[in-house]
Amino acid sequence: MIEVFLFAIFALVALAGAVVMLTARNPVYSAMGLLVTMFAMALFYVMLDAHFVAAVQILVYAGAVMTLFLFVIMMIGVDKKEERVETIPFQRGITFVVALGLAVVIILAGRQAWVTGSDAFGSPDMVGTIETVADSLFGTWTIAFLSTVFLLTIAAVGTVALAMFGPTAVQSTDEEEGA
Amino acid sequence: MIDYLWLLIALPLLGALTLILFGKHIGEPASGWLASALVVIPFLIAAALTVPFLNGAESETVFLFSWIPVIGANASLLWDPLSALMTLVVTGVGGLIHVYSVGYMHGDPRYPRFFAYMNFFIASMLTLVLADNFALMFVGWELVGLSSYLLISFWFVKPSAAAAGKKAFIVNRIGDWGFLIALMMIFAAFGTLDFAIVFAEAHGVLSVGLATAITLMLFIGATGKSAQLPLYVWLPDAMEGPTPVSALIHAATMVTAGVYMIARTAVLFEMAPISLAIVATVGALTAIFAATLAVGQRDIKRVLAYSTISQLGYMVMAVGLTAFTAGIFHLMTHAFFKALLFLGAGSVIHAMSDEQDMWKMGGLRKYVPITFVTMAVGWLAISGLFPLAGFWSKDEILASAFAKGGFFLILWGIGVVTALITAFYMTRLIILTFFGDKRWDEGVHPHESPWTMTIPLIVLALLSAIAGLWNTPVRLGLEHFLEPVFGDIHQVHPAGGLTVWALALISLAMVVIGILIAYGRYGRGDLPNEEGGYWTAALDGYGVDTFYGKVIVLPGKTISTWLAMVFDTKVVDGVVNGLAYGVRAFGSSMRVLQTGWVRSYGAAIVAGSLGVILWLLLQGGAF
Amino acid sequence: MIVMADVTVTVGWYMILAAVLFSMGAAGVLLRRNALVMFMSVELMLNSVNLTFIAAGNELGLVEGQVAALFVMVVAAAEVTVGLAILVAVFRRRSTANVDLLSELKG
Amino acid sequence: MEDFIVAAVKVVIAFALLFMVVLLIVWAERRIVAFMQNRLGPTRAGPFGILQTLADGMKLLFKESLTPRNAEVFLYLAAPVMALLPALLIFLVIPIGAPITIGDTTYTLQVTDLNVGVLYVLALSSMAVYAITLAGWASGSKYPLLGSVRAAAQMISYEAAIGLALVPVIMFAGTTSIAGIVEAQGATYFGFLPAWNIVLLPSFVVFVIAAFAETNRAPFDLVEAEQEIVGGFHTEYSGFRFALFFLAEYINLFTMSALTVTFFLGGWNGPTFGPTWLVWILPVIWFFVKTFAIIFLFIWVRGTLPRMRYDQLMAFGWKRLIPVSLAWIILAMIAMGIRRYGLPWA
């Protein structure tokens with residue numbers, strides 16, 4: 001009972017955050033909206049017994065990713081509010097149809113192949129503590145885990161390279177913008 | 001021990017690679033000796049590996065690595081008495097010729113490159129010989145063609161050498177076409193190219209007609225490589241290459257590949273009597289045709305070239321008679337004495353400062369004694385004088401033809417006449433070169449060749465003298481040796497008893513007559529006037545090249561010109577340009593989609609995934 | 001509340017929520033011109049997928065759902081770092097984060 | 001239901017405790033710094049001026065709260081709350097004393113023990129960045145914005161150091177539960193030396209230095225460097241909203257000290273003796289003694305060291321602390337390996 005309540009509240013919070021992200025003219029508010037959604041996600045994860053992932057969700061998404069977003073917004077986009085005038089023809093209509101269609105179709109697909117909870121696979125009261133996740137991560141999925149190490153290293157190197165070797169002078173973009 | 005079989009191919013290949021890459025740094029004598037060593041060592045290995053066969057050991061297949069297993073083509077080597085014999089001939093004669101080349105090629109600016117090619121040839125030839133399936137054999141077959149091309153046109157600055165190389169390559173391609181079709185037919189029939197399976201199942205799978213078709217196609221391949229009618233034209237021109245090349249490739253080894261191939265596929269040929277008859281006939285006709293041409297040549301190497309064609313004709317005739325052992329036997333002895341003769345000719349040319357016209361020689365026996373003596377042995381051996389090698393092997397072929405009887409008696413007759421002509425032109429060559437007056441130009445100072453060239457001559461002379469004793473009617477050594485290979489084949493055998501001696505006497509008489517006629521014509525001081533009529537025609541090779549030029553090359557050129565000038569510019573270019581235009585027009589019409597707006601691309605992606613999900617849902621029966 | 005007494009949260013609820021969030025993320029990518037907000041929308045999509053992973057993993061009693069979510073997070077983190085670095089580089093050159101103005105590759 | 005009541009009581013006690021302690025710390029800092037600078041500090045309100053903080057707080061409450069014209073009002077108002085929340089929440093996982101058993105029930109002196117406690121602490125401490133960044137940005141003024149960008153960069157950088165410094169601690173304890181880490185430090189070496197994680201000295205040093213930076217205290221207080229950027233991110237805040245930032249800052253100081261004690265100095269571990277009630281009370285006393293010792297260290301450093309330059313700060317964080325932490329993690333791993341599996345050649 002209380003579970004339904006919590007779900008409803010968190011879902012509303014998550015949706016509200018997403019709506020704010022989608023509609024705010026200022027990217028800072030978009031970031032705040034997304035942050036709220038991510039917190040709601042973390043709470044869902046706790047409800048779903050994925051404690052470790054919930055902590056990582058906050059640590060990585062809220063703590064690192066969104067901070068980075070905010071930082072970059074402060075650096076580049078903070079005072080530029082987005083224009084409401086749509087420049088691409090039909091984009092709004094297409095987006096509306098396509099996004100709605102996507103939601104409907106995913107839900108339809110889900111009704112076809114709903115997870116029907118055969119608990120034969122594992123222990124139904126499995127809790128995602130560090131120990132259980134680590135067992136799987138460093139046992140079954142070692143290779144995948146190691147490849148993420150490479151991925152992160154490459155990403156770090158790429159980021160540093162982009163920051164180090166980029167152009168230093170801001171060039172005029174008048175012609176392109178006029179075109 | 002058998003595990004080291006791969007070294008036979010690997011060592012010369014290593015030598016070729018080393019000399020190609022580092023030849024310049026290795027320098028002149030060293031690269032030659034390195035190459036020689038890398039042929040002699042395989043010879044020693046092969047010899048060690050052959051010993052068990054003398055004690056009746058089984059054939060073995062050495063699997064190296066998977067290549068195209070699905071068609072039964074792997075890099076695996078077959079080691080049986082036949083391939084052992086061929087390997088010994090190739091590496092033994094090849095090794096001697098390598099040593100000879102150390103001296104002969106002295107001072108050539110591309111000295112290391114020459115030995116690189118020679119080693120490459122040895123490796124290719126051994127691949128051909130040792131292959132245990134048609135595909136690998138074909139690889140070797142093509143590789144010897146390539147190395148032959150490289151070596152014929154080794155002195156490519158000479159236009160004639162470059163042209164000769166091309167000619168050899170193109171004519172060989174015609175033969176290869178036949179071989180390739182044969183391979184396809186074999187694969188279609190058997191589903192594999194593995195020798196063992198093909199030969200084992202041949203009787204169950206093949207009809208006589210199919211066998212005939214396959215073997216005829218194989219024989220087309222053989223005529224190309226072994227210079228039989230009508231594809232022999234490349235071999236005389238191939239004399240443009242350095243003399244050791246002529247000795248090694250165009251006398252002793254590569255040209256025998258066709259004979260070897262027929263012997264190897266003896267099982268298939270045995271099933272196709274018509275093919276066998278054709279093979280034997282072509283062989284006999286080639287033998288006499290080339291012999292008559294050899295008579296008319298003035299260039300010492302061209303005489304030997306036509307002689308080679310003629311002798312190859314004998315071998316082909318032998319395998320066509322199903323006298324496979326005799327064919328292989330003649331192949332072996334011919335390798336010895338023809339290599340000897342070529343090397344001797346090379347020594348003479350070397351002595352005469354690159355003069356090849358016999359009319360400008362004469363009286364050389366005092367100046368190049370070792371060359372003279374050894375070449376004399378070769379002369380008598382090829383002529384077939386008792387008891388030298390040529391006598392035994394040639395006689396066995398003739399006796400086999402006689403023993404087969406019927407139609408084949410005609411072939412026997414041709415063979416006997418050819419023997420006479422052979423004795424005649426070889427005597428002519430010896431007399432014109434070594435006897436009589438000096439006819440050479442001013443400023444030529446003949447001298448004996450260095451020891452690196454004479455020692456191979458001496459060794460080959462010894463072999464030419466005694467090799468025939470391996471397989472005599474009295475003691476069939478080779479026959480016994482090759483028993484595991486041809487044991488299941490119905491070979492024709494010379495009749496025993498008095499017949500064989502009578503036949504021997506007849507051919508011996510022919511040889512003596514030939515020698516005497518030649519002596520009578522050339523041995524008495526004045527040289528006869530050989531102008532006009534037959535002589536001009538023979539010098540021209542009976543105009544076969546001109547004929548081919550008119551009948552085949554010219555129409556080909558005309559068609560090619562038309563294709564290049566009209567068809568290509570109008571039709572091919574038209575199609576290409578039209579396609580390009582169409583693509584451009586299509587692209588222009590599609591450009592509209594390329595808006596440059598990320599978001600419209602994104603919309604397309606999402607719409608596309610929406611479509612995919614919808615389709616999957618429809619497939620799954622969601623609606 | 002009395003009516004809902006025997007209602008429990010099933011995995012389907014999470015799936016529907018995730019589908020809605022995913023669609024909103026997709027709409028964000030298609031609608032917003034600010035590259036930063038487009039990135040955020042992509043993050044929202046990734047998050048919604050994570051939710052399905054974990055919900056399904058919980059339903060099946062498998063830890064793999066959470067492991068997959070962790071991998072998604074790693075990839076998302078890497079993507080954000082590089083993406084934002086590119087964005088900063090673009091901004092240094094063009095003084096704009098509006099993707100509509102970065103349309104030189106048009107046909 | 002009982003659990004719920006117990007939890008609620010714990011939360012109330014914890015928050016009350018925090019507010020009390022903050023009043024004390026502010027007073028203590030002013031007095032101690034004053035002594036170090038050869039002054040007296042506040043003396044008027046209450047004995048030794050101990051009520052001075054309360055008086056200041058009352059004053060701030062009655063002041064007018066200004067909102068700048070260019071401010072993004074919503075975020076401007078939300079920022080102080082966002083600053084206070086994580087500061088309060090972190091304290092919930094810190095055990096301030098040994099578990100107490102009354103009847104059949106054992107009560108832990110900790111609001112909740114999480115399996116992922118350390119991650120929880122790290123996650124929440126990274127939340128503090130938002131308050132500062134948003135406060136600076138939402139003020140619509142340039143000095144706060146500069147201060148907030150500085151703060152964001154500084155806190156992101158030193159968070160990495162804090163996380164890395166905690167890795168050896170987690171390895172030695174074998175758990176990420178905070179109570180577990182404290183219990184693991186209850187053992188002894190050679191029967192008398194307490195097995196506190198202070199033996200991981202480099203980690204301890206890195207952690208404390210990074211804690212200075214995380215709490216924006218001297219010598220890393222560039223965020224509010226008066227000489228350069230006036231008051232930093234909270235320049236435009238006044239009245240009660242400023243009080244909230246102030247409060248959050250000192251709560252952070254206290255929780256960081258408490259965390260240092262918990263992770264490295266054995267938490268509530270200490271000698272216990274006497275009757276049951278004393279056995280219950282003593283750990284709490286030890287915990288607070290240790291915590292205040294660390295707070296004294298914070299104040300002492302503030303009174304001693306000059307402020308660093310911005311580039312020095314970043315270089316120190318990235319080029320010194322993080323490499324040292326990484327090297328130390330490897331060494332600690334080797335040490336653990338030897339302790340568990342013996343020497344490689346043995």
# chains A, B, ... in the order shown; residues from 1 in each chain; ligands from 1
>>> select_by_dssp(residues="region 314-475 of chain B", states="alpha helix (DSSP H)", output="JSON, numbers by chain")
{"B": [314, 315, 316, 317, 318, 319, 320, 324, 325, 326, 327, 328, 329, 330, 331, 332, 333, 334, 335, 336, 337, 338, 339, 340, 341, 342, 343, 344, 345, 346, 347, 348, 349, 350, 351, 369, 370, 371, 372, 373, 374, 375, 376, 377, 378, 379, 380, 381, 382, 383, 389, 390, 391, 392, 393, 394, 395, 396, 397, 398, 399, 400, 401, 402, 403, 404, 408, 409, 410, 411, 412, 413, 414, 415, 416, 417, 418, 419, 420, 421, 422, 423, 424, 425, 426, 427, 428, 429, 430, 431, 432, 433, 434, 451, 452, 453, 454, 455, 456, 457, 458, 459, 460, 461, 462, 463, 464, 465, 466]}
>>> write_last_selection(atoms="C-alpha atoms", output="tab-separated table (two decimals), in the first residue's frame")
chain	number	residue	atom	x	y	z
B	314	TYR	CA	59.50	-38.87	-75.90
B	315	MET	CA	58.49	-38.52	-72.29
B	316	VAL	CA	54.94	-37.51	-73.15
B	317	MET	CA	54.75	-40.39	-75.56
B	318	ALA	CA	55.92	-42.69	-72.80
B	319	VAL	CA	53.25	-41.61	-70.35
B	320	GLY	CA	50.73	-41.77	-73.17
B	324	PHE	CA	54.88	-44.18	-66.70
B	325	THR	CA	58.05	-45.58	-65.22
B	326	ALA	CA	59.80	-45.25	-68.55
B	327	GLY	CA	58.60	-41.66	-68.85
B	328	ILE	CA	59.85	-40.75	-65.42
B	329	PHE	CA	63.07	-42.63	-66.12
B	330	HIS	CA	63.66	-40.65	-69.26
B	331	LEU	CA	62.73	-37.50	-67.38
B	332	MET	CA	65.49	-38.23	-64.90
B	333	THR	CA	68.22	-39.16	-67.38
B	334	HIS	CA	67.23	-36.29	-69.64
B	335	ALA	CA	67.55	-33.93	-66.71
B	336	PHE	CA	71.12	-35.05	-66.31
B	337	PHE	CA	72.34	-34.99	-69.88
B	338	LYS	CA	70.33	-32.02	-71.06
B	339	ALA	CA	71.44	-29.96	-68.08
B	340	LEU	CA	74.94	-31.11	-68.88
B	341	LEU	CA	74.61	-30.11	-72.53
B	342	PHE	CA	73.14	-26.71	-71.68
B	343	LEU	CA	75.80	-26.03	-69.10
B	344	GLY	CA	78.43	-27.14	-71.58
B	345	ALA	CA	76.92	-24.84	-74.18
B	346	GLY	CA	76.98	-22.12	-71.57
B	347	SER	CA	80.62	-22.83	-70.93
B	348	VAL	CA	81.30	-22.61	-74.67
B	349	ILE	CA	79.35	-19.37	-74.95
B	350	HIS	CA	81.24	-18.10	-71.94
B	351	ALA	CA	84.50	-19.09	-73.57
B	369	PRO	CA	89.09	-29.60	-72.96
B	370	ILE	CA	86.97	-30.29	-69.91
B	371	THR	CA	83.92	-28.79	-71.51
B	372	PHE	CA	84.58	-30.83	-74.62
B	373	VAL	CA	84.93	-34.12	-72.82
B	374	THR	CA	81.89	-33.65	-70.67
B	375	MET	CA	79.78	-32.43	-73.56
B	376	ALA	CA	80.87	-35.40	-75.57
B	377	VAL	CA	79.48	-37.62	-72.85
B	378	GLY	CA	76.24	-35.67	-73.03
B	379	TRP	CA	76.19	-35.98	-76.79
B	380	LEU	CA	76.52	-39.72	-76.71
B	381	ALA	CA	74.05	-40.00	-73.89
B	382	ILE	CA	71.31	-38.07	-75.66
B	383	SER	CA	72.02	-39.87	-78.86
B	389	ALA	CA	71.88	-43.13	-69.79
B	390	GLY	CA	69.94	-42.06	-72.86
B	391	PHE	CA	70.19	-45.47	-74.39
B	392	TRP	CA	68.40	-47.21	-71.54
B	393	SER	CA	65.65	-44.72	-71.02
B	394	LYS	CA	64.88	-44.00	-74.65
B	395	ASP	CA	65.01	-47.61	-75.51
B	396	GLU	CA	62.55	-48.51	-72.82
B	397	ILE	CA	60.09	-46.04	-74.27
B	398	LEU	CA	60.52	-47.38	-77.77
B	399	ALA	CA	60.26	-50.93	-76.54
B	400	SER	CA	57.08	-50.07	-74.68
B	401	ALA	CA	55.59	-48.59	-77.84
B	402	PHE	CA	56.51	-51.70	-79.72
B	403	ALA	CA	55.12	-53.91	-77.04
B	404	LYS	CA	51.80	-52.11	-77.15
B	408	PHE	CA	51.38	-47.69	-81.58
B	409	LEU	CA	53.80	-49.37	-83.96
B	410	ILE	CA	53.56	-46.17	-86.00
B	411	LEU	CA	54.63	-44.22	-82.95
B	412	TRP	CA	57.47	-46.67	-82.49
B	413	GLY	CA	58.55	-45.98	-86.03
B	414	ILE	CA	58.41	-42.25	-85.44
B	415	GLY	CA	60.45	-42.69	-82.30
B	416	VAL	CA	63.12	-44.68	-84.07
B	417	VAL	CA	63.40	-42.11	-86.84
B	418	THR	CA	63.56	-39.38	-84.23
B	419	ALA	CA	66.41	-41.22	-82.58
B	420	LEU	CA	68.27	-41.15	-85.86
B	421	ILE	CA	67.63	-37.43	-86.33
B	422	THR	CA	68.65	-36.81	-82.74
B	423	ALA	CA	71.97	-38.50	-83.24
B	424	PHE	CA	72.42	-36.50	-86.43
B	425	TYR	CA	71.80	-33.02	-85.05
B	426	MET	CA	73.73	-33.66	-81.86
B	427	THR	CA	76.73	-34.85	-83.86
B	428	ARG	CA	76.34	-31.78	-86.04
B	429	LEU	CA	76.42	-29.61	-82.94
B	430	ILE	CA	79.53	-31.27	-81.52
B	431	ILE	CA	81.40	-31.22	-84.79
B	432	LEU	CA	80.52	-27.64	-85.61
B	433	THR	CA	81.52	-26.54	-82.14
B	434	PHE	CA	84.56	-28.56	-81.26
B	451	TRP	CA	86.16	-24.62	-61.51
B	452	THR	CA	82.75	-23.62	-60.23
B	453	MET	CA	81.50	-24.21	-63.76
B	454	THR	CA	83.51	-27.29	-64.66
B	455	ILE	CA	82.82	-29.31	-61.54
B	456	PRO	CA	79.07	-29.36	-62.13
B	457	LEU	CA	79.85	-30.42	-65.71
B	458	ILE	CA	81.96	-33.31	-64.53
B	459	VAL	CA	79.37	-34.45	-61.99
B	460	LEU	CA	76.59	-34.29	-64.53
B	461	ALA	CA	78.72	-36.14	-67.07
B	462	LEU	CA	79.23	-38.94	-64.60
B	463	LEU	CA	75.53	-39.07	-63.88
B	464	SER	CA	74.70	-39.05	-67.59
B	465	ALA	CA	77.01	-41.95	-68.07
B	466	ILE	CA	75.81	-44.21	-65.31
>>> residues_around(residues="region 37-49 of chain C", least_positions_apart="2", cutoff="7 Å", atoms="only C-alpha atoms", output="PyMOL selection string")
(chain A and resi 27+30) or (chain C and resi 18+21-22+25-26+28-29+32+34-35+51-53)
>>> write_last_selection(atoms="N, CA and C atoms", output="mmCIF file, in the first residue's frame")
data_model
loop_
_atom_site.group_PDB
_atom_site.id
_atom_site.type_symbol
_atom_site.label_atom_id
_atom_site.label_comp_id
_atom_site.auth_asym_id
_atom_site.auth_seq_id
_atom_site.Cartn_x
_atom_site.Cartn_y
_atom_site.Cartn_z
ATOM 1 N N PRO A 27 18.982 26.828 -19.551
ATOM 2 C CA PRO A 27 19.570 25.498 -19.351
ATOM 3 C C PRO A 27 19.832 25.166 -17.896
ATOM 4 N N SER A 30 16.835 23.536 -16.763
ATOM 5 C CA SER A 30 16.793 22.193 -17.345
ATOM 6 C C SER A 30 17.644 21.238 -16.525
ATOM 7 N N ALA C 18 9.128 4.302 -17.400
ATOM 8 C CA ALA C 18 10.372 4.427 -18.164
ATOM 9 C C ALA C 18 10.075 4.791 -19.610
ATOM 10 N N LEU C 21 9.272 8.441 -19.778
ATOM 11 C CA LEU C 21 10.467 9.257 -19.605
ATOM 12 C C LEU C 21 11.350 9.175 -20.847
ATOM 13 N N PHE C 22 11.454 7.971 -21.401
ATOM 14 C CA PHE C 22 12.278 7.803 -22.604
ATOM 15 C C PHE C 22 11.741 8.680 -23.734
ATOM 16 N N GLY C 25 12.586 12.210 -23.169
ATOM 17 C CA GLY C 25 13.989 12.459 -23.519
ATOM 18 C C GLY C 25 14.141 12.594 -25.012
ATOM 19 N N ALA C 26 13.505 11.680 -25.750
ATOM 20 C CA ALA C 26 13.613 11.741 -27.211
ATOM 21 C C ALA C 26 13.048 13.060 -27.721
ATOM 22 N N GLY C 28 12.951 15.785 -26.132
ATOM 23 C CA GLY C 28 13.902 16.839 -25.797
ATOM 24 C C GLY C 28 15.005 16.938 -26.818
ATOM 25 N N VAL C 29 15.525 15.773 -27.243
ATOM 26 C CA VAL C 29 16.593 15.796 -28.247
ATOM 27 C C VAL C 29 16.083 16.457 -29.518
ATOM 28 N N ARG C 32 14.895 20.681 -28.512
ATOM 29 C CA ARG C 32 15.746 21.726 -27.966
ATOM 30 C C ARG C 32 16.919 22.026 -28.884
ATOM 31 N N ASN C 34 19.606 23.988 -27.753
ATOM 32 C CA ASN C 34 20.818 24.093 -26.965
ATOM 33 C C ASN C 34 21.456 22.720 -26.847
ATOM 34 N N ALA C 35 22.692 22.612 -27.300
ATOM 35 C CA ALA C 35 23.349 21.307 -27.295
ATOM 36 C C ALA C 35 23.420 20.732 -25.893
ATOM 37 N N LEU C 51 16.294 2.346 -15.527
ATOM 38 C CA LEU C 51 15.160 1.999 -14.671
ATOM 39 C C LEU C 51 14.556 0.668 -15.121
ATOM 40 N N THR C 52 14.421 0.491 -16.434
ATOM 41 C CA THR C 52 13.858 -0.788 -16.896
ATOM 42 C C THR C 52 14.788 -1.938 -16.541
ATOM 43 N N PHE C 53 16.072 -1.713 -16.690
ATOM 44 C CA PHE C 53 17.028 -2.781 -16.349
ATOM 45 C C PHE C 53 16.834 -3.230 -14.914
#
>>> interface_residues(of="chain A", to="chain D", cutoff="12 Å", atoms="only C-alpha atoms", output="VMD selection string")
chain A and resid 26 28 to 29 31 to 33 35 39 42 46 49 to 75 78 to 79 127 to 133
>>> atom_distance(atom1="CA of Leu151 (chain A)", atom2="CA of Glu64 (chain C)")
20.1 Å
>>> interface_residues(of="chain B", to="chain C", cutoff="8 Å", atoms="only C-alpha atoms", output="NGL selection string")
:B and (591-600 or 602-603 or 606)
>>> residues_around(residues="Met333 (chain D)", least_positions_apart="6", cutoff="12 Å", atoms="only C-alpha atoms", output="PyMOL selection string")
chain D and resi 167-172+200+326-327+339-341
>>> write_last_selection(atoms="all heavy atoms", output="short mmCIF file (atom, residue, chain, number, x, y, z; two decimals), in the first residue's frame")
data_model
loop_
_atom_site.label_atom_id
_atom_site.label_comp_id
_atom_site.auth_asym_id
_atom_site.auth_seq_id
_atom_site.Cartn_x
_atom_site.Cartn_y
_atom_site.Cartn_z
N VAL D 167 39.56 4.88 -0.02
CA VAL D 167 39.66 3.51 -0.55
C VAL D 167 40.45 2.60 0.37
O VAL D 167 39.99 1.49 0.70
CB VAL D 167 40.23 3.53 -1.98
CG1 VAL D 167 40.52 2.12 -2.46
CG2 VAL D 167 39.27 4.20 -2.91
N PRO D 168 41.65 3.01 0.86
CA PRO D 168 42.36 2.10 1.78
C PRO D 168 41.58 1.81 3.04
O PRO D 168 41.62 0.69 3.56
CB PRO D 168 43.65 2.88 2.09
CG PRO D 168 43.82 3.82 0.97
CD PRO D 168 42.45 4.20 0.55
N VAL D 169 40.83 2.81 3.52
CA VAL D 169 40.03 2.58 4.72
C VAL D 169 39.02 1.48 4.47
O VAL D 169 38.88 0.54 5.27
CB VAL D 169 39.31 3.89 5.11
CG1 VAL D 169 38.36 3.65 6.26
CG2 VAL D 169 40.32 4.96 5.46
N ILE D 170 38.33 1.57 3.32
CA ILE D 170 37.34 0.55 2.99
C ILE D 170 38.01 -0.80 2.86
O ILE D 170 37.50 -1.83 3.34
CB ILE D 170 36.62 0.93 1.69
CG1 ILE D 170 35.86 2.24 1.86
CG2 ILE D 170 35.67 -0.16 1.26
CD1 ILE D 170 35.33 2.80 0.57
N MET D 171 39.20 -0.80 2.25
CA MET D 171 39.89 -2.08 2.06
C MET D 171 40.22 -2.70 3.41
O MET D 171 40.04 -3.90 3.62
CB MET D 171 41.17 -1.87 1.25
CG MET D 171 40.90 -1.56 -0.20
SD MET D 171 42.36 -1.73 -1.23
CE MET D 171 43.55 -0.80 -0.34
N PHE D 172 40.70 -1.88 4.33
CA PHE D 172 41.10 -2.44 5.63
C PHE D 172 39.91 -2.90 6.43
O PHE D 172 39.97 -3.92 7.10
CB PHE D 172 41.91 -1.40 6.43
CG PHE D 172 43.38 -1.52 6.21
CD1 PHE D 172 43.90 -1.37 4.94
CD2 PHE D 172 44.24 -1.83 7.24
CE1 PHE D 172 45.24 -1.51 4.69
CE2 PHE D 172 45.59 -1.97 7.01
CZ PHE D 172 46.10 -1.81 5.74
N LEU D 200 46.99 4.36 8.46
CA LEU D 200 47.03 4.73 7.03
C LEU D 200 47.34 6.21 6.94
O LEU D 200 46.55 7.01 6.45
CB LEU D 200 45.68 4.43 6.38
CG LEU D 200 45.23 2.99 6.45
CD1 LEU D 200 43.75 2.89 6.10
CD2 LEU D 200 46.03 2.13 5.51
N LEU D 326 46.76 7.69 -5.07
CA LEU D 326 46.81 6.49 -5.92
C LEU D 326 47.98 5.62 -5.53
O LEU D 326 47.84 4.39 -5.38
CB LEU D 326 46.93 6.92 -7.39
CG LEU D 326 45.66 7.50 -7.99
CD1 LEU D 326 45.93 8.01 -9.38
CD2 LEU D 326 44.58 6.44 -8.02
N ALA D 327 49.15 6.23 -5.34
CA ALA D 327 50.31 5.44 -4.95
C ALA D 327 50.06 4.73 -3.63
O ALA D 327 50.39 3.56 -3.46
CB ALA D 327 51.54 6.35 -4.83
N ARG D 339 49.48 -9.22 4.28
CA ARG D 339 48.88 -9.56 5.57
C ARG D 339 47.97 -10.77 5.42
O ARG D 339 47.89 -11.62 6.32
CB ARG D 339 48.09 -8.37 6.11
CG ARG D 339 48.09 -8.32 7.63
CD ARG D 339 47.60 -7.00 8.12
NE ARG D 339 46.20 -6.78 7.79
CZ ARG D 339 45.49 -5.75 8.26
NH1 ARG D 339 46.05 -4.89 9.06
NH2 ARG D 339 44.23 -5.59 7.89
N ARG D 340 47.28 -10.85 4.31
CA ARG D 340 46.31 -11.95 4.16
C ARG D 340 46.95 -13.22 3.65
O ARG D 340 46.66 -14.30 4.13
CB ARG D 340 45.18 -11.53 3.23
CG ARG D 340 44.11 -12.60 3.11
CD ARG D 340 42.89 -12.10 2.41
NE ARG D 340 42.26 -10.98 3.12
CZ ARG D 340 41.25 -10.27 2.60
NH1 ARG D 340 40.78 -10.57 1.41
NH2 ARG D 340 40.73 -9.28 3.28
N TYR D 341 47.86 -13.10 2.66
CA TYR D 341 48.37 -14.31 2.01
C TYR D 341 49.83 -14.58 2.33
O TYR D 341 50.42 -15.50 1.82
CB TYR D 341 48.23 -14.19 0.49
CG TYR D 341 46.81 -13.96 0.05
CD1 TYR D 341 46.41 -12.75 -0.44
CD2 TYR D 341 45.87 -15.00 0.16
CE1 TYR D 341 45.10 -12.54 -0.83
CE2 TYR D 341 44.57 -14.79 -0.21
CZ TYR D 341 44.19 -13.56 -0.72
OH TYR D 341 42.90 -13.36 -1.10
#
>>> residues_around(residues="region 288-296 of chain D", least_positions_apart="2", cutoff="9 Å", atoms="only C-alpha atoms", output="list in words")
Ile25, Ala28, Glu29, Ile32, Ile96, Leu253, Phe254, Thr255, Met256, Ser257, Ala258, Leu259, Thr260, Val261, Thr262, Leu265, Gly267, Trp268, Pro283, Val284, Ile285, Trp286, Phe298, Ile299, Trp300 and Val301 of chain D
>>> closest_atom_pairs(of="chain A", to="chain B", cutoff="9 Å", atoms="only C-alpha atoms", output="tab-separated table")
residue	atom	partner	partner_atom	distance
A:Ile88	CA	B:Ser600	CA	7.7
A:Gln91	CA	B:Ser600	CA	7.0
A:Ile94	CA	B:Ala603	CA	7.2
A:Thr95	CA	B:Ala603	CA	6.7
A:Val98	CA	B:Ala607	CA	6.0
A:Ala99	CA	B:Val606	CA	8.0
A:Gly101	CA	B:Leu610	CA	7.2
A:Leu102	CA	B:Leu610	CA	6.0
A:Val105	CA	B:Leu614	CA	7.0
A:Ile106	CA	B:Ile613	CA	8.0
A:Leu108	CA	B:Ala622	CA	7.7
A:Ala109	CA	B:Leu617	CA	6.5
A:Arg111	CA	B:Ala622	CA	8.8
A:Gln112	CA	B:Ala622	CA	6.7
